[in-house]
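Quick look at coords-v4.txt (compact mmCIF, C-alpha atoms and all ligand atoms):
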# COMPACT_ATOMS: atom_id res chain seq x y z
CA MET R 1 39.24 -206.78 36.93
CA ASN R 2 38.04 -207.00 33.35
CA ARG R 3 36.15 -203.80 32.63
CA ASP R 4 33.30 -205.80 31.05
CA ASN R 5 32.48 -207.22 34.48
CA ILE R 6 32.23 -203.90 36.30
CA ASP R 7 28.75 -203.02 37.49
CA THR R 8 28.02 -199.53 36.19
CA ARG R 9 24.29 -199.45 37.02
CA GLU R 10 24.40 -197.56 40.31
CA ALA R 11 26.74 -194.93 38.89
CA LEU R 12 24.63 -194.46 35.77
CA ALA R 13 21.54 -193.99 37.93
CA ALA R 14 23.38 -191.35 39.98
CA TYR R 15 24.10 -189.30 36.86
CA PHE R 16 21.25 -189.90 34.43
CA THR R 17 17.47 -190.16 34.68
CA GLU R 18 17.33 -192.16 31.45
CA ALA R 19 19.00 -195.49 30.67
CA PRO R 20 22.00 -195.11 28.31
CA SER R 21 21.70 -196.23 24.70
CA TYR R 22 25.39 -197.29 24.92
CA CYS R 23 27.85 -198.03 27.69
CA ALA R 24 31.14 -199.88 27.11
CA PRO R 25 34.82 -199.82 28.13
CA TYR R 26 36.80 -197.17 26.26
CA GLY R 27 40.40 -196.08 25.68
CA ASN R 28 43.80 -197.51 26.56
CA GLY R 29 44.62 -195.96 29.93
CA HIS R 30 46.50 -198.20 32.36
CA ILE R 31 44.92 -196.85 35.55
CA ASN R 32 41.25 -195.87 35.65
CA ASP R 33 38.27 -197.87 34.36
CA THR R 34 36.97 -195.71 31.54
CA PHE R 35 33.59 -196.10 29.81
CA LEU R 36 31.98 -194.36 26.90
CA VAL R 37 28.35 -193.68 27.76
CA VAL R 38 25.67 -192.31 25.47
CA VAL R 39 22.61 -190.71 27.00
CA GLY R 40 21.40 -188.38 24.29
CA LYS R 41 25.01 -187.22 23.92
CA ARG R 42 28.38 -188.79 24.68
CA TYR R 43 30.05 -188.88 28.07
CA ILE R 44 33.20 -190.38 29.54
CA MET R 45 32.45 -192.18 32.80
CA GLN R 46 35.35 -193.37 34.96
CA ARG R 47 35.61 -195.56 37.98
CA MET R 48 38.55 -193.97 39.71
CA ASN R 49 41.32 -196.27 40.80
CA THR R 50 41.17 -195.66 44.54
CA SER R 51 43.84 -198.19 45.41
CA ILE R 52 46.15 -195.74 43.61
CA PHE R 53 44.35 -192.45 44.23
CA LYS R 54 43.65 -192.74 47.91
CA LYS R 55 41.96 -189.36 48.33
CA PRO R 56 39.32 -189.27 45.56
CA VAL R 57 37.39 -186.38 47.10
CA GLU R 58 40.45 -184.12 47.22
CA LEU R 59 41.48 -185.39 43.79
CA MET R 60 38.19 -184.24 42.29
CA ALA R 61 38.61 -180.86 44.00
CA ASN R 62 42.04 -180.60 42.28
CA ILE R 63 40.49 -181.39 38.92
CA VAL R 64 37.58 -178.98 39.29
CA GLY R 65 39.97 -176.20 40.36
CA VAL R 66 42.46 -176.79 37.55
CA THR R 67 39.87 -177.19 34.79
CA GLU R 68 38.11 -173.98 35.84
CA HIS R 69 41.45 -172.16 35.92
CA ILE R 70 42.25 -173.30 32.38
CA ARG R 71 38.79 -172.45 31.10
CA SER R 72 38.95 -168.95 32.51
CA LYS R 73 42.23 -168.43 30.63
CA ALA R 74 40.70 -169.76 27.41
CA ARG R 75 37.76 -167.40 27.92
CA ALA R 76 40.10 -164.43 28.40
CA ALA R 77 42.08 -165.40 25.28
CA GLY R 78 38.91 -165.86 23.21
CA GLY R 79 39.72 -169.56 22.67
CA ASP R 80 37.51 -172.65 22.28
CA VAL R 81 36.20 -172.53 25.87
CA GLU R 82 33.95 -175.56 25.51
CA ARG R 83 36.86 -177.84 24.57
CA ALA R 84 39.73 -176.10 26.36
CA SER R 85 39.61 -178.42 29.34
CA LEU R 86 37.71 -181.35 30.78
CA VAL R 87 34.15 -180.56 31.88
CA VAL R 88 33.17 -182.37 35.08
CA VAL R 89 29.50 -183.42 34.95
CA GLN R 90 27.62 -183.32 38.24
CA THR R 91 25.49 -186.08 39.70
CA LEU R 92 21.73 -185.61 39.77
CA ASP R 93 22.14 -184.31 43.32
CA GLY R 94 24.81 -181.79 42.33
CA LYS R 95 28.09 -183.49 43.32
CA ASP R 96 31.35 -183.72 41.35
CA PHE R 97 31.69 -187.48 41.96
CA PHE R 98 29.62 -190.45 43.08
CA CYS R 99 30.49 -193.10 45.66
CA ASP R 100 28.55 -196.35 45.12
CA SER R 101 27.45 -198.87 47.76
CA ASN R 102 30.70 -200.84 47.26
CA GLY R 103 32.76 -197.76 48.07
CA CYS R 104 33.83 -197.26 44.42
CA TYR R 105 34.25 -193.64 43.30
CA TRP R 106 32.97 -192.54 39.91
CA ARG R 107 33.14 -189.36 37.85
CA VAL R 108 31.72 -188.26 34.52
CA TYR R 109 33.15 -185.85 31.95
CA ASP R 110 31.53 -184.44 28.85
CA PHE R 111 32.99 -186.30 25.90
CA CYS R 112 35.26 -183.81 24.17
CA GLU R 113 33.62 -183.97 20.73
CA ARG R 114 35.33 -183.89 17.33
CA THR R 115 38.57 -185.06 18.90
CA ILE R 116 40.69 -188.18 18.64
CA THR R 117 43.35 -189.80 20.81
CA ARG R 118 46.60 -191.10 19.37
CA GLU R 119 48.51 -194.08 20.73
CA ARG R 120 51.52 -193.44 18.45
CA VAL R 121 52.99 -190.45 16.66
CA GLU R 122 51.61 -190.79 13.14
CA ASN R 123 52.72 -187.50 11.72
CA ALA R 124 55.90 -185.85 12.99
CA ASN R 125 54.30 -182.41 13.09
CA ASP R 126 51.69 -183.70 15.56
CA PHE R 127 54.46 -184.32 18.03
CA TYR R 128 55.68 -180.76 17.66
CA THR R 129 52.18 -179.44 18.38
CA CYS R 130 51.89 -181.88 21.28
CA GLY R 131 55.08 -180.40 22.77
CA ARG R 132 53.62 -176.93 22.38
CA ALA R 133 50.43 -178.03 24.07
CA PHE R 134 52.17 -179.56 27.10
CA GLY R 135 54.58 -176.61 27.37
CA ASN R 136 51.65 -174.22 27.16
CA PHE R 137 49.71 -176.30 29.71
CA GLN R 138 52.51 -175.73 32.17
CA GLN R 139 52.39 -172.02 31.42
CA LEU R 140 48.63 -171.93 32.01
CA LEU R 141 49.20 -173.42 35.46
CA ALA R 142 52.21 -171.25 36.32
CA ASP R 143 50.02 -168.97 38.45
CA TYR R 144 47.86 -171.75 39.92
CA PRO R 145 48.08 -171.73 43.72
CA ALA R 146 50.07 -174.91 44.38
CA ALA R 147 49.00 -174.89 48.05
CA GLN R 148 45.43 -175.61 46.92
CA LEU R 149 46.48 -178.89 45.32
CA THR R 150 46.37 -182.13 47.25
CA GLU R 151 49.25 -184.44 46.33
CA SER R 152 47.26 -187.20 44.63
CA ILE R 153 50.04 -189.82 44.75
CA GLU R 154 52.88 -189.30 47.16
CA ASN R 155 56.40 -189.54 45.75
CA PHE R 156 54.94 -189.99 42.27
CA HIS R 157 58.07 -188.89 40.39
CA ASN R 158 60.53 -189.26 43.24
CA THR R 159 62.87 -191.53 41.30
CA PRO R 160 65.17 -192.54 44.21
CA TRP R 161 62.02 -193.57 46.08
CA ARG R 162 60.91 -195.62 43.04
CA TYR R 163 64.36 -197.21 43.02
CA ASP R 164 64.08 -198.14 46.70
CA ASN R 165 60.64 -199.59 46.03
CA LEU R 166 62.07 -201.78 43.30
CA MET R 167 64.76 -203.01 45.68
CA LYS R 168 62.09 -203.81 48.29
CA ALA R 169 60.16 -205.79 45.68
CA VAL R 170 63.38 -207.63 44.78
CA GLU R 171 63.95 -208.43 48.45
CA ALA R 172 60.39 -209.68 48.96
CA ASP R 173 60.11 -211.54 45.64
CA ALA R 174 56.42 -211.91 46.49
CA VAL R 175 55.38 -214.07 43.53
CA GLY R 176 58.67 -215.85 42.81
CA ARG R 177 59.53 -213.99 39.60
CA LEU R 178 62.93 -212.61 40.63
CA LYS R 179 64.92 -215.47 39.12
CA ASP R 180 63.78 -214.47 35.63
CA VAL R 181 64.57 -210.78 35.89
CA LEU R 182 68.09 -210.61 37.34
CA PRO R 183 69.62 -208.74 34.35
CA GLU R 184 66.85 -206.14 34.54
CA VAL R 185 67.43 -205.65 38.27
CA GLU R 186 71.15 -205.20 37.56
CA PHE R 187 70.35 -202.65 34.87
CA ALA R 188 68.48 -200.54 37.43
CA ARG R 189 71.11 -201.06 40.13
CA ALA R 190 73.85 -199.74 37.84
CA ARG R 191 71.87 -196.48 37.55
CA CYS R 192 71.21 -195.94 41.26
CA GLU R 193 73.29 -192.73 41.34
CA PHE R 194 71.70 -191.31 38.20
CA CYS R 195 68.25 -191.69 39.87
CA LYS R 196 69.22 -188.95 42.32
CA THR R 197 70.07 -186.31 39.69
CA LEU R 198 66.86 -184.28 39.85
CA GLU R 199 66.30 -184.65 43.60
CA ASN R 200 69.87 -183.47 44.19
CA ALA R 201 69.34 -180.43 41.97
CA ARG R 202 66.11 -179.67 43.80
CA GLU R 203 67.84 -179.92 47.18
CA ALA R 204 70.64 -177.69 45.94
CA GLY R 205 67.97 -175.13 45.04
CA THR R 206 68.78 -175.16 41.32
CA LEU R 207 65.71 -177.02 40.02
CA PRO R 208 62.36 -175.26 40.65
CA LEU R 209 59.14 -177.01 41.61
CA ARG R 210 56.28 -176.02 39.32
CA VAL R 211 52.68 -177.13 38.94
CA THR R 212 53.06 -179.90 36.39
CA HIS R 213 50.91 -182.56 34.71
CA ASN R 214 53.17 -185.52 35.53
CA ASP R 215 51.64 -187.96 33.01
CA THR R 216 52.30 -186.37 29.64
CA LYS R 217 51.72 -189.41 27.47
CA LEU R 218 50.56 -188.82 23.93
CA ASN R 219 47.21 -190.48 24.67
CA ASN R 220 46.57 -187.93 27.42
CA ILE R 221 46.00 -185.23 24.85
CA LEU R 222 42.99 -184.91 22.57
CA PHE R 223 43.59 -183.77 18.98
CA ASP R 224 41.05 -182.11 16.72
CA GLU R 225 39.83 -184.80 14.32
CA LYS R 226 39.94 -182.43 11.32
CA THR R 227 42.92 -180.13 11.84
CA GLY R 228 45.00 -182.50 13.99
CA ASP R 229 45.72 -179.65 16.41
CA PRO R 230 45.83 -180.44 20.13
CA VAL R 231 42.58 -179.34 21.74
CA CYS R 232 42.61 -180.47 25.33
CA VAL R 233 45.02 -181.97 27.85
CA ILE R 234 43.30 -184.75 29.81
CA ASP R 235 44.10 -187.26 32.57
CA LEU R 236 44.51 -184.56 35.20
CA ASP R 237 44.77 -186.93 38.18
CA THR R 238 48.46 -186.37 38.71
CA ILE R 239 48.62 -182.57 38.53
CA MET R 240 50.90 -181.73 41.44
CA PRO R 241 54.03 -179.75 42.11
CA GLY R 242 56.76 -181.39 40.02
CA TYR R 243 59.60 -180.79 37.59
CA SER R 244 59.16 -179.34 34.10
CA VAL R 245 61.88 -181.66 32.85
CA ASN R 246 59.80 -184.68 33.85
CA ASP R 247 56.79 -183.45 31.88
CA PHE R 248 59.13 -183.02 28.95
CA GLY R 249 60.75 -186.39 29.60
CA ASP R 250 57.59 -188.45 29.91
CA SER R 251 56.38 -187.28 26.51
CA ILE R 252 59.73 -188.21 24.96
CA ARG R 253 59.66 -191.60 26.71
CA PHE R 254 56.34 -192.48 25.12
CA GLY R 255 56.22 -190.53 21.88
CA ALA R 256 59.84 -190.51 20.64
CA ASN R 257 60.26 -194.26 21.13
CA THR R 258 60.43 -195.81 17.66
CA ALA R 259 58.34 -198.69 19.04
CA ALA R 260 55.26 -199.04 21.22
CA GLU R 261 55.76 -199.03 24.98
CA ASP R 262 55.22 -202.81 25.16
CA GLU R 263 56.99 -203.90 21.93
CA THR R 264 58.86 -207.13 22.64
CA ASP R 265 61.24 -206.93 19.67
CA LEU R 266 63.79 -204.72 21.39
CA SER R 267 65.73 -204.11 18.18
CA LYS R 268 62.85 -201.81 17.24
CA VAL R 269 63.20 -199.73 20.42
CA THR R 270 65.27 -196.59 19.87
CA LEU R 271 65.06 -192.88 20.56
CA ASP R 272 64.04 -191.01 17.42
CA LEU R 273 66.18 -187.86 17.56
CA ASP R 274 64.11 -186.09 14.92
CA LEU R 275 61.03 -186.54 17.08
CA PHE R 276 63.04 -185.48 20.12
CA ARG R 277 63.97 -182.27 18.33
CA LEU R 278 60.40 -181.57 17.18
CA TYR R 279 58.93 -182.11 20.63
CA ALA R 280 61.64 -180.03 22.27
CA LYS R 281 61.02 -177.19 19.82
CA GLY R 282 57.28 -177.27 20.60
CA PHE R 283 57.77 -177.62 24.35
CA LEU R 284 60.20 -174.70 24.53
CA GLU R 285 57.85 -172.54 22.48
CA GLY R 286 54.93 -173.55 24.69
CA CYS R 287 56.91 -172.70 27.83
CA ASN R 288 57.53 -169.32 26.26
CA GLY R 289 60.97 -168.65 27.69
CA SER R 290 60.00 -169.58 31.26
CA LEU R 291 62.51 -172.43 31.72
CA THR R 292 65.69 -171.65 33.65
CA GLU R 293 69.20 -172.46 32.39
CA LYS R 294 69.31 -175.43 34.74
CA GLU R 295 65.99 -176.77 33.50
CA LEU R 296 67.18 -176.52 29.91
CA GLU R 297 70.37 -178.34 30.84
CA LEU R 298 68.36 -181.09 32.55
CA LEU R 299 65.82 -181.75 29.78
CA PRO R 300 67.76 -184.75 28.38
CA ALA R 301 68.16 -186.10 31.93
CA GLY R 302 64.39 -185.70 32.36
CA ALA R 303 63.82 -187.92 29.32
CA MET R 304 66.18 -190.60 30.66
CA MET R 305 64.76 -190.25 34.16
CA MET R 306 61.16 -190.77 33.15
CA THR R 307 62.08 -193.74 31.00
CA LEU R 308 64.22 -195.38 33.67
CA GLU R 309 61.65 -194.63 36.37
CA CYS R 310 58.80 -196.01 34.30
CA GLY R 311 60.84 -199.14 33.55
CA MET R 312 61.53 -199.58 37.27
CA ARG R 313 57.83 -199.12 38.06
CA PHE R 314 56.84 -201.76 35.48
CA LEU R 315 59.49 -204.12 36.84
CA THR R 316 58.35 -203.53 40.42
CA ASP R 317 54.78 -204.28 39.42
CA HIS R 318 55.87 -207.46 37.65
CA LEU R 319 57.68 -208.57 40.82
CA GLU R 320 54.66 -207.69 42.96
CA GLY R 321 52.26 -209.71 40.80
CA ASP R 322 50.79 -206.99 38.51
CA VAL R 323 48.84 -205.08 41.09
CA TYR R 324 49.20 -201.55 39.66
CA PHE R 325 49.21 -201.27 35.86
CA ARG R 326 46.42 -202.91 33.85
CA ILE R 327 47.91 -205.83 31.89
CA HIS R 328 46.56 -207.56 28.80
CA ARG R 329 48.85 -210.60 28.61
CA GLU R 330 51.21 -212.69 30.70
CA ASN R 331 54.48 -210.87 31.53
CA HIS R 332 53.10 -207.66 30.08
CA ASN R 333 54.77 -205.51 32.74
CA LEU R 334 58.06 -207.34 32.21
CA ASP R 335 57.84 -206.69 28.47
CA ARG R 336 57.18 -203.02 29.21
CA ALA R 337 60.11 -202.84 31.65
CA ARG R 338 62.53 -204.42 29.15
CA ASN R 339 61.32 -202.04 26.49
CA GLN R 340 61.86 -198.98 28.70
CA PHE R 341 65.33 -200.15 29.72
CA ALA R 342 66.25 -200.70 26.06
CA LEU R 343 65.17 -197.13 25.41
CA VAL R 344 67.27 -195.86 28.35
CA ALA R 345 70.31 -197.65 26.90
CA ASP R 346 69.76 -195.98 23.54
CA MET R 347 69.22 -192.59 25.19
CA GLU R 348 72.52 -192.98 27.01
CA LYS R 349 74.26 -193.36 23.65
CA LYS R 350 72.46 -190.31 22.29
CA LEU R 351 72.87 -188.08 25.33
CA GLY R 352 75.44 -185.78 23.68
CA GLU R 353 73.19 -185.40 20.67
CA MET R 354 70.19 -184.56 22.88
CA HIS R 355 72.21 -181.84 24.61
CA ARG R 356 73.34 -180.42 21.28
CA ILE R 357 69.73 -180.22 20.08
CA ILE R 358 68.55 -178.42 23.21
CA LYS R 359 71.45 -175.94 23.02
CA GLU R 360 70.65 -175.22 19.41
CA LEU R 361 66.95 -174.66 20.14
CA ALA R 362 67.43 -172.62 23.29
P1 LIG Y 1 43.80 -193.35 32.53
O1 LIG Y 1 44.18 -192.59 33.77
O2 LIG Y 1 43.37 -194.72 32.81
O3 LIG Y 1 44.85 -193.24 31.49
P2 LIG Y 1 42.35 -191.28 31.06
O4 LIG Y 1 41.67 -190.22 31.86
O5 LIG Y 1 43.59 -190.92 30.37
O6 LIG Y 1 42.49 -192.59 31.97
O7 LIG Y 1 41.27 -191.77 29.96
C1 LIG Y 1 41.52 -192.90 29.12
C2 LIG Y 1 41.22 -192.56 27.67
O8 LIG Y 1 39.82 -192.14 27.55
C3 LIG Y 1 42.01 -191.40 27.08
O9 LIG Y 1 43.26 -191.82 26.59
C4 LIG Y 1 41.08 -190.89 25.97
O10 LIG Y 1 41.19 -191.70 24.84
C5 LIG Y 1 39.70 -191.12 26.56
N1 LIG Y 1 39.12 -189.91 27.19
C6 LIG Y 1 39.23 -189.55 28.50
N2 LIG Y 1 38.55 -188.43 28.75
C7 LIG Y 1 37.98 -188.03 27.58
C8 LIG Y 1 37.09 -186.95 27.18
N3 LIG Y 1 36.65 -186.04 28.06
N4 LIG Y 1 36.68 -186.89 25.90
C9 LIG Y 1 37.10 -187.83 24.99
N5 LIG Y 1 37.92 -188.87 25.31
C10 LIG Y 1 38.34 -188.98 26.57
C1 LIG Y 2 49.99 -194.67 33.55
O1 LIG Y 2 47.08 -193.47 33.31
P1 LIG Y 2 47.99 -193.60 32.13
O2 LIG Y 2 47.81 -194.84 31.37
O3 LIG Y 2 47.90 -192.33 31.30
C2 LIG Y 2 50.71 -194.07 34.76
C3 LIG Y 2 51.90 -193.25 34.29
C4 LIG Y 2 52.86 -194.12 33.48
C5 LIG Y 2 52.07 -194.72 32.31
C6 LIG Y 2 52.92 -195.70 31.54
C7 LIG Y 2 48.72 -192.54 37.57
O4 LIG Y 2 49.48 -193.61 32.75
O5 LIG Y 2 52.60 -192.74 35.42
O6 LIG Y 2 53.92 -193.37 32.98
O7 LIG Y 2 50.89 -195.44 32.78
N1 LIG Y 2 49.79 -193.26 35.54
C8 LIG Y 2 49.72 -193.39 36.88
O8 LIG Y 2 52.29 -195.94 30.31
O9 LIG Y 2 50.44 -194.16 37.51
MG MG Y 3 45.59 -191.64 30.44

Any chance you could give the structure as structure tokens?
Amino acid sequence: MNRDNIDTREALAAYFTEAPSYCAPYGNGHINDTFLVVVGKRYIMQRMNTSIFKKPVELMANIVGVTEHIRSKARAAGGDVERASLVVVQTLDGKDFFCDSNGCYWRVYDFCERTITRERVENANDFYTCGRAFGNFQQLLADYPAAQLTESIENFHNTPWRYDNLMKAVEADAVGRLKDVLPEVEFARARCEFCKTLENAREAGTLPLRVTHNDTKLNNILFDEKTGDPVCVIDLDTIMPGYSVNDFGDSIRFGANTAAEDETDLSKVTLDLDLFRLYAKGFLEGCNGSLTEKELELLPAGAMMMTLECGMRFLTDHLEGDVYFRIHRENHNLDRARNQFALVADMEKKLGEMHRIIKELA
């Protein structure tokens, strides 16, 4: 649904006694319906995507727990407590979320002031600091009790499961689009074995599960508008036990692509190895020596895995009629899938180079 047509009135009344002076769609997330609301000060109001996040109550408990954990660490370190993590605003009757009469779940965060979001890496150094921030984020959560977290999306980064899902969508061909995407399906099929790399390592006991962010896109980090330093990691919906190499990999997928995620001129899509190096340097520093030998060895695979998996998810959604990711034009998910597969192909060529960089940095 177009965000302009979403009825925000009930939710606004649940949170504010006054009418807002401003309320409009905001940001470029693919999943939730995000609004910027001004009632005296600025807020981010989101209608949670409950067809994707099926347990919104537990999800909000995850977010409250994790944000408080991060804030207490910022407090102990004498950091910028106010902006260290998202601040969940309560409803007028003291709840962390609101369910409207249509069964839609809403939440409100304080707007993290004096920050900006970036859709692309504009300055190489920003990507280094972004790596540090995501590496450090993982460190901050290293002692978070994983048993207290509800898995917000099952099998989220289970790549073999994503592969099987793609094959089911191929089989069903629900909206008749298969005929136009046969080369893309073949591309995925040829990498069926590779999809199992991380799950195999996990089963062999060599790859540890950690509490990870799982959606480490550049636009899920807020940068200080003056200094450019990362201030706050956002989009905490997918914090779950996961693999460090996937958090590393998803940032590379999005930020070290020389083109935007949906660029249709595939000649522009390549892996920027300088950006790869900068992010890796920051991430390793942020992780502060906590990664095992095996994790270090699998960082390049993590980058390829997240890119291939994301491509397969876009392709699946295209075949299923665009029911998951928000699209802005016809064939948008197909464009995204082709783009991700082009990046995988380039990463495959640069795999040796990626390994050399990691070895050098570690
Ligand atoms: P999605 O899951 O749809 O990606 P996000 O939670 O990432 O939703 O929010 C979408 C965008 O809204 C972000 O990329 C960012 O630009 C902006 N945003 C979200 N929360 C805040 C906040 N607390 N302060 C400022 N901007 C925010
Ligand atoms: C979605 O929510 P957003 O836009 O930050 C998706 C990620 C994908 C990404 C691709 C919950 O991220 O997994 O990698 O799009 N989030 C969810 O851009 O599915
Ligand atoms: Mg987001």

- Close residues to ligand LIG 1 (chain Y) using all atoms listed in the file, limit 8 Å, as a VMD selection string: chain R and resid 26 to 35 43 to 44 46 86 to 87 109 to 113 115 to 118 219 to 222 234 to 237

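Once R:Glu199 and its same-chain neighbours fewer than 4 positions away are set aside, R:His157, R:Asn158, R:Thr159, R:Pro160, R:Cys195, R:Glu203, R:Ala204, R:Gly205, R:Leu207, R:Tyr243 remain within 10 Å of it when counting only C-alpha atoms.
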
Give me a file of those residues, with C-alpha atoms, as a compact mmCIF listing (two decimals), in the frame of the given file.
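What ended up in part_26.txt:
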# COMPACT_ATOMS: atom_id res chain seq x y z
CA HIS R 157 58.07 -188.89 40.39
CA ASN R 158 60.53 -189.26 43.24
CA THR R 159 62.87 -191.53 41.30
CA PRO R 160 65.17 -192.54 44.21
CA CYS R 195 68.25 -191.69 39.87
CA GLU R 203 67.84 -179.92 47.18
CA ALA R 204 70.64 -177.69 45.94
CA GLY R 205 67.97 -175.13 45.04
CA LEU R 207 65.71 -177.02 40.02
CA TYR R 243 59.60 -180.79 37.59

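Here atom CA of R:Leu166 and atom CA of R:Thr316 stand 5.0 Å from one another.
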
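Minimum atom-to-atom distances from R:Asp265, R:Glu154, R:Asp247, R:Glu297 to R:Arg132 were compared using all atoms listed in the file, and the lowest value belongs to R:Asp247.
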
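Here the question is which of R:Phe97, R:Phe134, R:Tyr163, R:Phe248 gets nearest to R:Leu299 using all atoms listed in the file, and that residue is R:Phe248.
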
Hey, could you pull the box centre and edge lengths for ligand LIG 2 (chain Y), axis-aligned, 4 Å padding per side, all listed atoms, to one decimal in Å, as JSON?
{"center_x": 50.5, "center_y": -194.1, "center_z": 33.9, "size_x": 14.8, "size_y": 11.6, "size_z": 15.3}

- Message: Using only C-alpha atoms, can you tell me which of R:Leu361, R:Val89, R:Ile63, R:Leu308 comes closest to R:Phe194?
- Response: R:Leu308

- Query: What is the atom CA of R:Gly249-atom CA of R:Gly302 distance in Å, reported with one decimal?
  - Reply: 4.6 Å

- Contacts of R:Leu296 at 8 Å or less, counting only C-alpha atoms, minus same-chain residues fewer than 4 places along, as a VMD selection string? chain R and resid 245 291 to 292 358 362

What residues have an atom no more than 12 Å from (63.3, -188.7, 29.5) in the file's own frame, counting only C-alpha atoms, and can you write them as an mmCIF file with C-alpha atoms, keeping the file's coordinate frame?
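What ended up in part.cif:
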data_model
loop_
_atom_site.group_PDB
_atom_site.id
_atom_site.type_symbol
_atom_site.label_atom_id
_atom_site.label_comp_id
_atom_site.auth_asym_id
_atom_site.auth_seq_id
_atom_site.Cartn_x
_atom_site.Cartn_y
_atom_site.Cartn_z
ATOM 1 C CA CYS R 195 68.250 -191.690 39.870
ATOM 2 C CA LEU R 198 66.860 -184.280 39.850
ATOM 3 C CA THR R 216 52.300 -186.370 29.640
ATOM 4 C CA LYS R 217 51.720 -189.410 27.470
ATOM 5 C CA TYR R 243 59.600 -180.790 37.590
ATOM 6 C CA SER R 244 59.160 -179.340 34.100
ATOM 7 C CA VAL R 245 61.880 -181.660 32.850
ATOM 8 C CA ASN R 246 59.800 -184.680 33.850
ATOM 9 C CA ASP R 247 56.790 -183.450 31.880
ATOM 10 C CA PHE R 248 59.130 -183.020 28.950
ATOM 11 C CA GLY R 249 60.750 -186.390 29.600
ATOM 12 C CA ASP R 250 57.590 -188.450 29.910
ATOM 13 C CA SER R 251 56.380 -187.280 26.510
ATOM 14 C CA ILE R 252 59.730 -188.210 24.960
ATOM 15 C CA ARG R 253 59.660 -191.600 26.710
ATOM 16 C CA PHE R 254 56.340 -192.480 25.120
ATOM 17 C CA GLY R 255 56.220 -190.530 21.880
ATOM 18 C CA ALA R 256 59.840 -190.510 20.640
ATOM 19 C CA ASN R 257 60.260 -194.260 21.130
ATOM 20 C CA LEU R 271 65.060 -192.880 20.560
ATOM 21 C CA PHE R 276 63.040 -185.480 20.120
ATOM 22 C CA TYR R 279 58.930 -182.110 20.630
ATOM 23 C CA ALA R 280 61.640 -180.030 22.270
ATOM 24 C CA LEU R 298 68.360 -181.090 32.550
ATOM 25 C CA LEU R 299 65.820 -181.750 29.780
ATOM 26 C CA PRO R 300 67.760 -184.750 28.380
ATOM 27 C CA ALA R 301 68.160 -186.100 31.930
ATOM 28 C CA GLY R 302 64.390 -185.700 32.360
ATOM 29 C CA ALA R 303 63.820 -187.920 29.320
ATOM 30 C CA MET R 304 66.180 -190.600 30.660
ATOM 31 C CA MET R 305 64.760 -190.250 34.160
ATOM 32 C CA MET R 306 61.160 -190.770 33.150
ATOM 33 C CA THR R 307 62.080 -193.740 31.000
ATOM 34 C CA LEU R 308 64.220 -195.380 33.670
ATOM 35 C CA GLU R 309 61.650 -194.630 36.370
ATOM 36 C CA CYS R 310 58.800 -196.010 34.300
ATOM 37 C CA GLY R 311 60.840 -199.140 33.550
ATOM 38 C CA GLN R 340 61.860 -198.980 28.700
ATOM 39 C CA PHE R 341 65.330 -200.150 29.720
ATOM 40 C CA LEU R 343 65.170 -197.130 25.410
ATOM 41 C CA VAL R 344 67.270 -195.860 28.350
ATOM 42 C CA ALA R 345 70.310 -197.650 26.900
ATOM 43 C CA ASP R 346 69.760 -195.980 23.540
ATOM 44 C CA MET R 347 69.220 -192.590 25.190
ATOM 45 C CA GLU R 348 72.520 -192.980 27.010
ATOM 46 C CA LYS R 350 72.460 -190.310 22.290
ATOM 47 C CA LEU R 351 72.870 -188.080 25.330
ATOM 48 C CA MET R 354 70.190 -184.560 22.880
#

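Taking atom CA of R:Val323 as the reference point, atom CA of R:Ser51 is found at 9.5 Å.
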
- Query: What's the 12 Å shell around R:Ala14, counting all atoms listed in the file, without same-chain residues fewer than 4 positions away, as a ChimeraX atom specification?
  - Reply: /R:8-10,18-19,45,89-101,105-108

Save out the residues we just selected, C-alpha atoms, as a short mmCIF file (atom, residue, chain, number, x, y, z; two decimals), keeping the file's coordinate frame.
data_model
loop_
_atom_site.label_atom_id
_atom_site.label_comp_id
_atom_site.auth_asym_id
_atom_site.auth_seq_id
_atom_site.Cartn_x
_atom_site.Cartn_y
_atom_site.Cartn_z
CA THR R 8 28.02 -199.53 36.19
CA ARG R 9 24.29 -199.45 37.02
CA GLU R 10 24.40 -197.56 40.31
CA GLU R 18 17.33 -192.16 31.45
CA ALA R 19 19.00 -195.49 30.67
CA MET R 45 32.45 -192.18 32.80
CA VAL R 89 29.50 -183.42 34.95
CA GLN R 90 27.62 -183.32 38.24
CA THR R 91 25.49 -186.08 39.70
CA LEU R 92 21.73 -185.61 39.77
CA ASP R 93 22.14 -184.31 43.32
CA GLY R 94 24.81 -181.79 42.33
CA LYS R 95 28.09 -183.49 43.32
CA ASP R 96 31.35 -183.72 41.35
CA PHE R 97 31.69 -187.48 41.96
CA PHE R 98 29.62 -190.45 43.08
CA CYS R 99 30.49 -193.10 45.66
CA ASP R 100 28.55 -196.35 45.12
CA SER R 101 27.45 -198.87 47.76
CA TYR R 105 34.25 -193.64 43.30
CA TRP R 106 32.97 -192.54 39.91
CA ARG R 107 33.14 -189.36 37.85
CA VAL R 108 31.72 -188.26 34.52
#
